[in-house]
Structures are given as structure tokens and as C-alpha cells.
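Q: Encoded as C-alpha cells, here's the structure I'll be asking about.
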Amino acid sequence: MLTRIRCCTRAAHRYLSSTQADTFDEWKKYADESNLSPMIGLEIHAQINSTAKLFSGSENKFMAPTNSLVSNYDASVPGTLPVLNKRCVEAAVYTALALNCKLNMQSQFDRKHYFYADTPQGYQITQQRCPIAVNGTFSFPLSSGKKVKTIHIQQIQLEQDSGKSLHDDETNHTYIDLNRANVGLLEIVTSPGLTGAEDTCAFVKELQMTLQLLGACDGKMQEGQLRVDLNLSMSGKDEKPGTRAEVKNISGISHLKDVIEYEIKRQVQILNDGGTVEQETRAYDSVKKVTTSMRDKEEAQDYRFMPEPNLPPLTLYNDETAPKNTDRNFINVDELKRKMPIIPGRLREILMQRHGLQYKQAEFLLEKQLASFYRDVLYCAPDLSPTLVYNWMRIKLVALQHTSGFTASESGVTAQELADLLTMEQNHLINQSQSKEAFELALTDVRSPVQIVKDNDWIGIIDMDVIRGFCDNAIAQLTDENPDFLKNLNQETPHTVIVRQIVGLVLKLSQGKAKRKLVTPVVISILKDLDSE
């Protein structure tokens with residue numbers, strides 16, 4: 001479905017300076033001086049995180065061999081019928097609840113007819129006239145959390161994705177891959193309430209994190225799991241919105257920012273020259289960072305919508321209306337509400353207020369999909385330092401994600417196991433390098449990180465009397481080797497070179513069992529006592 005946004009002001013060029021401008025900032029300045037402002041609405045297509053497709057049992061998997069995940073229904077073999085995937089409906093309900101939408105307890109499926117080679121049916125099954133959810137609101141932070149903006153959500157609908165057309169310029173042939181055909185999509189349509197690159201990108205980013213926390217969509221834009229269609233126009237202060245331009249299939253937050261800035265500049269420049277912005281569909285060239293015309297929309301395309309005859313109405317239930325004594329093959333909205341995962345706004349609040357993180361720290365964990373794992377680790381070990389857990393995840397876990405490809409949920413290491421490991425580090429039973437190595441080994445080992453620590457005999461000495469004994473032995477040994485070793489002590493602070501030498505020898509004598517963080521203050525204390533004698 002297309003958001004019906006009227007864009008572009010008639011005769012807006014009357015207000016614009018005739019001075020030529022090249023940069024986005026200059027064109028934006030002219031637009032502001034002329035009381036022109038962008039009106040932006042979005043259609044977001046989120047690929048549903050499910051093992052099977054929307055209407056068939058074919059596997060849903062990225063980067064599978066070409067045409068290896070295609071059922072008879074996906075290929076539109078005559079006589080095959082759609083069977084609705086319950087998991088996809090649950091993802092739609094969770095998303096609707098998170099976006100404060102009104103759920104239609106009975107929604108309808110429609111056929112949207114168009115003829116593309118990668119759509120063998122000749123139509124798409126969607127929810128044009130009676131979608132699963134309508135009329136929602138979604139709030140998201142701006143300016144590093146200092147402001148909050150709310151946008152109206154027109155509707156959420158379930159629909160099937162198309163296949164992919166693969167173009168070969170050398171042979172001048174186009175090949176069709178139907179692996180993506182019939183994969184479930186959530187189309188989320190906003191009202192034109194966004195006004196620029198900052199709030200639009202912030203909205204998409206917050207929505208992306210919401211879908212990820214809900215488990216509705218993995219949100220990997222580089223893999224096409226989240227695609228944005230942008231509708232933008234320049235609106236005059238006292239005029240109705242004018243003609244819009246639509247830019248299709250934007251696959252990245254940075255690309256979205258570039259598209260918005262380019263389209264504002266392009267449309268203002270047209271108006272400045274006395275022209276009229278045409279209603280058309282455009283594509284984004286990420287290399288040249290420009291949008292190019294694909295087709296005009298002066299005449300609305302007739303998709304010949306009709307009810308889908310092979311699917312009954314989609315009915316949702318609550319606790320009162322849920323059927324009794326059935327096989328549970330239905331959706332109970334109240335039951336899903338009770339299982340509702342936490343959403344970014346609430347999770348951000350918990351991280352900042354309960355665990356003392358700064359906004360940027362909480363945002364980092366959310367962006368890296370580590371926020372829930374971070375919270376669970378601290379829940380398992382309340383005495384753990386929130387700063388220790390944050391730094392460990394920021395430095396070590398993110399690095400491991402990049403090198404191994406594991407996310408926190410895929411690593412096989414539970415929150416309790418990581419909490420036990422970091423508790424050992426906090427109590428100086430192991431050092432940082434040992435905790436990192438134990439975690440890395442656990443990624444490919446059936447043993448827990450703590451068991452790996454025990455099996456490798458890494459647990460350190462925490463008895464301070466024993467540590468002091470090692471320090472005394474180390475000082476005695478160094479003094480025997482060099483009688484002048486302790487001559488250059490500074491009464492205020494013992495020389496760092498001397499401290500390092502003693503600590504290094506203590507670690508060697510204890511075979512690494514005495515940990516540097518415990519040894520160093522003991523050495524400093526002993527040297528101060530010696531210097532005062």
C-alpha cells in the first residue's frame with residue numbers, strides 16, 4: 001500500500017531567492033526563509049523473523065543457494081493454496097501492541113494485482129482494506145534523549161514479499177530467484193509527521209530496535225530485512241501539501257539521511273527555478289548519492305484489489321472469546337500481552353535509572369542488541385558492578401561478535417554463566433585476559449566459562465597474607481640481586497618502575513595465581529613502610 005501523501009507547494013518559487021546554491025545547508029536556509037518545510041511519511045517493510053514463509057512451509061533463510069527454498073506454492077504451481085503461518089501473525093500482534101495500535105480482531109486479506117517477473121502469481125496477497133492494526137502512536141528520542149517526538153502510525157498490515165530479479169549486464173539477461181518469494185512482511189505506514197533527516201532517522205532507528213527486541217524482525221538493513229520507502233514534499237506555511245516524490249527501497253540509516261537531504265535540495269531547487277515537482281517514484285544511487293526517476297505517477301495504477309478467495313478472515317481472540325478445548329491453533333491477544341517483551345523506551349529507562357548508565361551507553365547496548373543480555377547478567381548477579389559489565393560487553397563482547405559472528409543470544413553462553421565469570425573477575429580470582437579467553441573457549445565448547453577456568457587451574461590467590469608473603473619474597477630476591485634496588489624510593493609515591501618489577505616477580509613466583517590488582521597496592525604499602533623507616 002502507498003501512503004497517500006500530497007507533496008510540494010504550488011508557486012513556492014515565489015518565495016525563493018534567485019541566488020544559486022550548491023550545498024544542502026544553503027538550500028535548507030532558502031527553504032526556511034521562504035516558510036517551506038519538508039513533510040515526510042514512510043512505508044517500512046520489515047521481513048518477519050520466522051523459520052517458514054508466510055503462506056508456505058518453505059524455509060526462510062538469507063543467502064541460501066538460488067531457488068533452493070521454493071515450494072510449489074511459492075512458484076505458483078496451479079492448484080496450490082496458501083496456509084497462514086501463525087508465527088507471522090504473532091509478530092504482527094506484538095508489533096501492533098508496541099506501536100500502540102488498535103488491533104482489528106477480524107482482518108481481511110486482499111489480492112493486489114501487478115505483473116512482475118519475480119511475482120509468478122501475478123498478484124500480491126496483502127491487507128489493503130482491513131489490515132490487522134490501525135491508528136497507533138510511537139514515541140522516540142531526539143537530540144541524545146533530551147527530546148521525545150511522537151508520530152502517528154496509520155496502519156500495520158501483513159503481506160508477502162516478492163522474489164528477486166538478478167540483472168546480468170554482460171549477457172543482458174535478467175534471472176529470477178524465488179527464495180524470497182512469499183516471505184512474510186510487516187508493512188508499517190506512518191502519517192506524514194516527520195520533518196527532516198534527524199527525526200526520520202531517529203524514528204527508523206528506534207523502530208528497528210523495537211522490532212529486534214520483540215523478535216519480530218532481525219532488522220539487518222544491509223540484508224534487506226528492513227526496507228524504507230520515503231515520501232517527501234515541500235509544504236508552504238499556509239498551503240496544503242503539494243505533490244510528493246517517493247523514493248523506494250532505502251536500505252540503511254545513512255542512506256536515508258542522504259536521500260532526505262538530496263530530495264530537499266532537489267525539490268527546493270526546482271521550486272526556486274519556477275518549476276513544479278512531479279509526482280513520481282525515484283530510486284537512490286548510493287554511489288553518486290542522488291535519486292533518479294523510475295516512473296511517474298500522474299495516473300494512479302489500478303491494482304484491481306479484490307478479496308483473497310483462498311484465505312478466510314483472520315480472527316484474533318482474547319481471554320473471553322478464546323475457543324475452549326481446541327488445539328490452540330489461534331491467537332489470544334491477552335496471552336501475547338502477558339508475554340510481551342520489553343521495548344527500547346522502557347529498557348533504556350531501566351539501564352539509566354536502575355543501573356546508572358548514561359544515555360549514550362544505554363543507546364550503545366540497544367544498538368548492538370546487548371541491552372537485554374546486559375540487564376539479565378546484572379539480574380543474575382546483583383552485586384556485580386554495572387560499569388564492569390558494560391565495559392566488558394563494550395570492549396570484549398562486541399569484538400567477539402565482529403570476529404566470530406556470534407550475537408549474545410547465539411553464543412551459547414547464558415546470562416547466568418557470564419555473570420558467574422565476571423563475578424570471578426570482580427573478586428580478582430581471574431584477570432581480564434583469563435575471563436576473555438574462557439568466554440572465547442566456551443563459544444565452541446560444551447563447558448561453561450567457569451568450568452573452563454577451573455579445568456585450567458586459573459583461579460587466583462585472594463588471601464592477602466599469602467599475597468604479602470609473595471611480595472616480601474620478591475623484594476628480598478630483587479634486593480639480593482641488586483643491593484641498591486630500593487635506594488631511589490620517593491617518600492610520597494614509590495617509583496613506578498620499582499613497583500612494576502616487584503609485581504612482575506610476584507606474578508612469576510605465584511605462577512599467575514596472585515592477581516595484579518591485588519598485588520600492586522600491597523607492594524606500594526610495603527615500599528612506603530620501608531621508605532619511612
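Residues are named by chain letter and number: chains run A, B, ... in the order of the C-alpha cells, numbers start at 1 in each chain, and ligands are numbered from 1 in the order shown.
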May I have the residues within 8 Å of Met340 in chain A as a PDB file with all heavy atoms, in the first residue's frame, using only C-alpha atoms and disregarding those fewer than 4 positions away in the same chain?
A:
ATOM      1  N   TYR A  94       2.465  -8.490  18.213  1.00  0.00           N
ATOM      2  CA  TYR A  94       3.459  -7.879  19.103  1.00  0.00           C
ATOM      3  C   TYR A  94       3.827  -6.473  18.616  1.00  0.00           C
ATOM      4  O   TYR A  94       3.936  -5.531  19.406  1.00  0.00           O
ATOM      5  CB  TYR A  94       4.722  -8.744  19.152  1.00  0.00           C
ATOM      6  CG  TYR A  94       4.666  -9.900  20.118  1.00  0.00           C
ATOM      7  CD1 TYR A  94       5.050 -11.182  19.726  1.00  0.00           C
ATOM      8  CD2 TYR A  94       4.249  -9.718  21.433  1.00  0.00           C
ATOM      9  CE1 TYR A  94       5.019 -12.248  20.617  1.00  0.00           C
ATOM     10  CE2 TYR A  94       4.204 -10.776  22.332  1.00  0.00           C
ATOM     11  CZ  TYR A  94       4.589 -12.042  21.919  1.00  0.00           C
ATOM     12  OH  TYR A  94       4.546 -13.089  22.803  1.00  0.00           O
ATOM     13  N   LEU A 214      11.424  -7.257  20.068  1.00  0.00           N
ATOM     14  CA  LEU A 214      10.202  -8.056  20.002  1.00  0.00           C
ATOM     15  C   LEU A 214      10.459  -9.428  19.378  1.00  0.00           C
ATOM     16  O   LEU A 214       9.650 -10.340  19.532  1.00  0.00           O
ATOM     17  CB  LEU A 214       9.137  -7.330  19.180  1.00  0.00           C
ATOM     18  CG  LEU A 214       8.569  -6.020  19.743  1.00  0.00           C
ATOM     19  CD1 LEU A 214       7.642  -5.374  18.732  1.00  0.00           C
ATOM     20  CD2 LEU A 214       7.833  -6.272  21.059  1.00  0.00           C
ATOM     21  N   LEU A 336      -0.596 -12.911  24.501  1.00  0.00           N
ATOM     22  CA  LEU A 336       0.599 -12.280  23.958  1.00  0.00           C
ATOM     23  C   LEU A 336       0.974 -11.031  24.756  1.00  0.00           C
ATOM     24  O   LEU A 336       2.159 -10.734  24.921  1.00  0.00           O
ATOM     25  CB  LEU A 336       0.398 -11.930  22.489  1.00  0.00           C
ATOM     26  CG  LEU A 336       0.242 -13.115  21.526  1.00  0.00           C
ATOM     27  CD1 LEU A 336       0.153 -12.632  20.080  1.00  0.00           C
ATOM     28  CD2 LEU A 336       1.382 -14.097  21.674  1.00  0.00           C
TER      29      LEU A 336
END
Q: Please identify all polymer residues within 12 Å of Lys220 in chain A, counting only C-alpha atoms, omitting same-chain residues fewer than 3 positions from it, and present them as a list of chain:residue names.
A: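 Within the cut-off, the hits are A:His45, A:Ala46, A:Gln47, A:Ile48, A:Asn49, A:Phe62, A:Lys205, A:Gln208, A:Met209, A:Leu211, A:Gln212, A:Cys217, A:Glu223, A:Gly224, A:Gln225, A:Leu226, A:Arg227, A:Ser251, A:Gly252, A:Ile253, A:Glu367, A:Lys368, A:Gln369.
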Q: Take the residues that were just selected and, keeping N, CA and C atoms, output them as a PDB file, in the first residue's frame.
A:
ATOM      1  N   HIS A  45       8.954  -1.775   5.272  1.00  0.00           N
ATOM      2  CA  HIS A  45       8.721  -3.199   5.067  1.00  0.00           C
ATOM      3  C   HIS A  45       9.715  -3.984   5.919  1.00  0.00           C
ATOM      4  N   ALA A  46       9.194  -4.670   6.925  1.00  0.00           N
ATOM      5  CA  ALA A  46      10.030  -5.444   7.849  1.00  0.00           C
ATOM      6  C   ALA A  46       9.820  -6.927   7.574  1.00  0.00           C
ATOM      7  N   GLN A  47      10.909  -7.611   7.256  1.00  0.00           N
ATOM      8  CA  GLN A  47      10.834  -9.045   6.980  1.00  0.00           C
ATOM      9  C   GLN A  47      10.680  -9.788   8.305  1.00  0.00           C
ATOM     10  N   ILE A  48       9.616 -10.572   8.406  1.00  0.00           N
ATOM     11  CA  ILE A  48       9.279 -11.217   9.676  1.00  0.00           C
ATOM     12  C   ILE A  48      10.287 -12.319   9.995  1.00  0.00           C
ATOM     13  N   ASN A  49      10.733 -12.328  11.244  1.00  0.00           N
ATOM     14  CA  ASN A  49      11.696 -13.324  11.715  1.00  0.00           C
ATOM     15  C   ASN A  49      10.957 -14.626  12.017  1.00  0.00           C
ATOM     16  N   PHE A  62      18.453 -16.399   4.744  1.00  0.00           N
ATOM     17  CA  PHE A  62      19.211 -15.452   3.929  1.00  0.00           C
ATOM     18  C   PHE A  62      20.413 -16.138   3.293  1.00  0.00           C
ATOM     19  N   LYS A 205      15.488   4.208  13.409  1.00  0.00           N
ATOM     20  CA  LYS A 205      16.422   3.544  14.320  1.00  0.00           C
ATOM     21  C   LYS A 205      15.695   2.973  15.538  1.00  0.00           C
ATOM     22  N   GLN A 208      13.572   0.048  14.429  1.00  0.00           N
ATOM     23  CA  GLN A 208      14.441  -1.102  14.176  1.00  0.00           C
ATOM     24  C   GLN A 208      14.771  -1.829  15.478  1.00  0.00           C
ATOM     25  N   MET A 209      15.156  -1.076  16.515  1.00  0.00           N
ATOM     26  CA  MET A 209      15.487  -1.681  17.803  1.00  0.00           C
ATOM     27  C   MET A 209      14.251  -2.316  18.444  1.00  0.00           C
ATOM     28  N   LEU A 211      11.614  -3.680  16.843  1.00  0.00           N
ATOM     29  CA  LEU A 211      11.338  -4.942  16.148  1.00  0.00           C
ATOM     30  C   LEU A 211      12.332  -6.023  16.555  1.00  0.00           C
ATOM     31  N   GLN A 212      13.580  -5.637  16.782  1.00  0.00           N
ATOM     32  CA  GLN A 212      14.599  -6.603  17.199  1.00  0.00           C
ATOM     33  C   GLN A 212      14.302  -7.148  18.596  1.00  0.00           C
ATOM     34  N   CYS A 217      11.537  -8.973  13.828  1.00  0.00           N
ATOM     35  CA  CYS A 217      12.382  -8.788  12.648  1.00  0.00           C
ATOM     36  C   CYS A 217      13.817  -8.611  13.124  1.00  0.00           C
ATOM     37  N   GLU A 223      20.879  -6.584   4.704  1.00  0.00           N
ATOM     38  CA  GLU A 223      20.392  -7.835   4.121  1.00  0.00           C
ATOM     39  C   GLU A 223      18.978  -7.692   3.568  1.00  0.00           C
ATOM     40  N   GLY A 224      18.463  -6.480   3.557  1.00  0.00           N
ATOM     41  CA  GLY A 224      17.128  -6.249   3.027  1.00  0.00           C
ATOM     42  C   GLY A 224      16.015  -6.640   3.970  1.00  0.00           C
ATOM     43  N   GLN A 225      16.333  -6.879   5.251  1.00  0.00           N
ATOM     44  CA  GLN A 225      15.297  -7.276   6.194  1.00  0.00           C
ATOM     45  C   GLN A 225      14.442  -6.104   6.655  1.00  0.00           C
ATOM     46  N   LEU A 226      14.947  -4.901   6.460  1.00  0.00           N
ATOM     47  CA  LEU A 226      14.183  -3.700   6.793  1.00  0.00           C
ATOM     48  C   LEU A 226      14.400  -2.698   5.668  1.00  0.00           C
ATOM     49  N   ARG A 227      13.343  -2.401   4.922  1.00  0.00           N
ATOM     50  CA  ARG A 227      13.454  -1.527   3.765  1.00  0.00           C
ATOM     51  C   ARG A 227      12.482  -0.355   3.932  1.00  0.00           C
ATOM     52  N   SER A 251      17.982   1.196   2.081  1.00  0.00           N
ATOM     53  CA  SER A 251      18.428   0.075   2.918  1.00  0.00           C
ATOM     54  C   SER A 251      19.552   0.460   3.866  1.00  0.00           C
ATOM     55  N   GLY A 252      19.391   1.548   4.576  1.00  0.00           N
ATOM     56  CA  GLY A 252      20.401   1.956   5.555  1.00  0.00           C
ATOM     57  C   GLY A 252      20.055   3.302   6.155  1.00  0.00           C
ATOM     58  N   ILE A 253      20.393   3.505   7.431  1.00  0.00           N
ATOM     59  CA  ILE A 253      20.099   4.781   8.098  1.00  0.00           C
ATOM     60  C   ILE A 253      20.879   5.912   7.439  1.00  0.00           C
ATOM     61  N   GLU A 367      21.729  -0.524  20.429  1.00  0.00           N
ATOM     62  CA  GLU A 367      22.111  -0.637  19.018  1.00  0.00           C
ATOM     63  C   GLU A 367      22.819  -1.952  18.731  1.00  0.00           C
ATOM     64  N   LYS A 368      23.614  -2.427  19.681  1.00  0.00           N
ATOM     65  CA  LYS A 368      24.363  -3.674  19.493  1.00  0.00           C
ATOM     66  C   LYS A 368      23.559  -4.906  19.904  1.00  0.00           C
ATOM     67  N   GLN A 369      22.299  -4.711  20.252  1.00  0.00           N
ATOM     68  CA  GLN A 369      21.406  -5.794  20.685  1.00  0.00           C
ATOM     69  C   GLN A 369      21.954  -6.516  21.914  1.00  0.00           C
TER      70      GLN A 369
END
Q: So that I can check the surroundings of Pro65 in chain A, please list as a PyMOL selection string every protein, DNA and RNA residue that reaches within 12 Å of it, counting only C-alpha atoms and ignoring chain neighbours fewer than 2 positions away.
A: chain A and resi 61-63+67-70+177-180
Q: Put those residues in a file: N, CA, C and O atoms, as a short mmCIF file (atom, residue, chain, number, x, y, z; two decimals), in the first residue's frame.
A:
data_model
loop_
_atom_site.label_atom_id
_atom_site.label_comp_id
_atom_site.auth_asym_id
_atom_site.auth_seq_id
_atom_site.Cartn_x
_atom_site.Cartn_y
_atom_site.Cartn_z
N LYS A 61 15.43 -18.21 4.85
CA LYS A 61 16.86 -18.16 5.17
C LYS A 61 17.58 -17.23 4.21
O LYS A 61 17.36 -17.29 3.00
N PHE A 62 18.45 -16.40 4.74
CA PHE A 62 19.21 -15.45 3.93
C PHE A 62 20.41 -16.14 3.29
O PHE A 62 21.06 -16.98 3.91
N MET A 63 20.72 -15.77 2.06
CA MET A 63 21.91 -16.23 1.33
C MET A 63 21.90 -17.74 1.07
O MET A 63 22.96 -18.37 0.99
N ASN A 67 17.12 -20.25 -5.67
CA ASN A 67 15.93 -21.08 -5.92
C ASN A 67 15.99 -22.44 -5.20
O ASN A 67 15.44 -23.43 -5.68
N SER A 68 16.62 -22.45 -4.02
CA SER A 68 16.69 -23.68 -3.24
C SER A 68 15.60 -23.76 -2.17
O SER A 68 15.42 -24.81 -1.55
N LEU A 69 14.90 -22.65 -1.93
CA LEU A 69 13.88 -22.60 -0.89
C LEU A 69 12.52 -22.24 -1.50
O LEU A 69 11.86 -21.29 -1.07
N VAL A 70 12.12 -22.99 -2.51
CA VAL A 70 10.91 -22.66 -3.27
C VAL A 70 9.97 -23.85 -3.27
O VAL A 70 10.30 -24.92 -3.79
N ASP A 177 15.23 -15.21 -8.80
CA ASP A 177 15.46 -16.03 -7.62
C ASP A 177 14.21 -15.94 -6.74
O ASP A 177 13.86 -14.86 -6.26
N LEU A 178 13.52 -17.05 -6.54
CA LEU A 178 12.26 -17.06 -5.79
C LEU A 178 12.44 -17.45 -4.32
O LEU A 178 11.46 -17.72 -3.64
N ASN A 179 13.68 -17.48 -3.83
CA ASN A 179 13.89 -17.82 -2.41
C ASN A 179 13.14 -16.84 -1.50
O ASN A 179 12.63 -17.23 -0.45
N ARG A 180 13.08 -15.57 -1.88
CA ARG A 180 12.43 -14.56 -1.04
C ARG A 180 10.93 -14.50 -1.29
O ARG A 180 10.19 -13.88 -0.49
#
Q: Compile the contact shell of Gly163 in chain A as a compact mmCIF listing (two decimals) with N, CA, C and O atoms, in the first residue's frame: residues with an atom at most 10 Å away, counting only C-alpha atoms, same-chain residues fewer than 3 positions apart removed.
A:
# COMPACT_ATOMS: atom_id res chain seq x y z
N ASN A 67 17.12 -20.25 -5.67
CA ASN A 67 15.93 -21.08 -5.92
C ASN A 67 15.99 -22.44 -5.20
O ASN A 67 15.44 -23.43 -5.68
N ASP A 74 5.12 -21.29 -3.65
CA ASP A 74 5.98 -20.14 -3.92
C ASP A 74 6.17 -19.93 -5.42
O ASP A 74 6.30 -18.80 -5.89
N ALA A 75 6.21 -21.05 -6.17
CA ALA A 75 6.39 -20.97 -7.63
C ALA A 75 5.06 -20.81 -8.35
O ALA A 75 5.03 -20.81 -9.58
N TYR A 116 4.97 -8.58 -12.42
CA TYR A 116 6.41 -8.54 -12.42
C TYR A 116 6.92 -9.96 -12.55
O TYR A 116 6.29 -10.92 -12.07
N ALA A 117 8.08 -10.11 -13.17
CA ALA A 117 8.62 -11.45 -13.39
C ALA A 117 8.92 -12.17 -12.08
O ALA A 117 8.87 -13.40 -12.01
N ASP A 118 9.27 -11.40 -11.02
CA ASP A 118 9.61 -12.05 -9.75
C ASP A 118 8.38 -12.28 -8.87
O ASP A 118 8.50 -12.63 -7.70
N THR A 119 7.19 -12.07 -9.43
CA THR A 119 5.94 -12.37 -8.73
C THR A 119 5.12 -13.30 -9.61
O THR A 119 4.24 -12.85 -10.37
N PRO A 120 5.40 -14.60 -9.57
CA PRO A 120 4.79 -15.52 -10.53
C PRO A 120 3.28 -15.63 -10.41
O PRO A 120 2.61 -16.00 -11.38
N GLN A 160 2.94 -10.62 1.62
CA GLN A 160 4.01 -11.50 1.17
C GLN A 160 5.03 -10.71 0.35
O GLN A 160 4.69 -9.78 -0.37
N LEU A 166 17.66 -10.65 -10.70
CA LEU A 166 19.12 -10.51 -10.72
C LEU A 166 19.54 -10.16 -12.13
O LEU A 166 19.38 -10.96 -13.06
N ILE A 176 15.73 -14.84 -12.24
CA ILE A 176 14.78 -14.74 -11.15
C ILE A 176 15.15 -15.73 -10.04
O ILE A 176 15.36 -16.91 -10.30
N ASP A 177 15.23 -15.21 -8.80
CA ASP A 177 15.46 -16.03 -7.62
C ASP A 177 14.21 -15.94 -6.74
O ASP A 177 13.86 -14.86 -6.26
N LEU A 178 13.52 -17.05 -6.54
CA LEU A 178 12.26 -17.06 -5.79
C LEU A 178 12.44 -17.45 -4.32
O LEU A 178 11.46 -17.72 -3.64
N ASN A 179 13.68 -17.48 -3.83
CA ASN A 179 13.89 -17.82 -2.41
C ASN A 179 13.14 -16.84 -1.50
O ASN A 179 12.63 -17.23 -0.45
N ARG A 180 13.08 -15.57 -1.88
CA ARG A 180 12.43 -14.56 -1.04
C ARG A 180 10.93 -14.50 -1.29
O ARG A 180 10.19 -13.88 -0.49
N ALA A 181 10.45 -15.09 -2.38
CA ALA A 181 9.02 -15.03 -2.70
C ALA A 181 8.20 -15.67 -1.59
O ALA A 181 8.48 -16.78 -1.15
N ASN A 182 7.19 -14.92 -1.13
CA ASN A 182 6.26 -15.41 -0.12
C ASN A 182 6.80 -15.34 1.30
O ASN A 182 6.17 -15.82 2.24
N VAL A 183 7.98 -14.73 1.50
CA VAL A 183 8.45 -14.47 2.86
C VAL A 183 7.53 -13.42 3.49
O VAL A 183 7.08 -12.49 2.83
Q: Find the residues near range 275-285 of chain A: any atom within 6 Å, counting only C-alpha atoms, skip ones fewer than 2 places away on the same chain, and give them as a list in words.
A: Thr243, Arg244, Ala245, Glu246, Val247, Lys248, Ile270, Leu271, Asp273, Val287, Lys288, Lys289, Val290, Thr291, Thr292, Ser293, Met294, Arg295, Asp296 and Lys297 of chain A
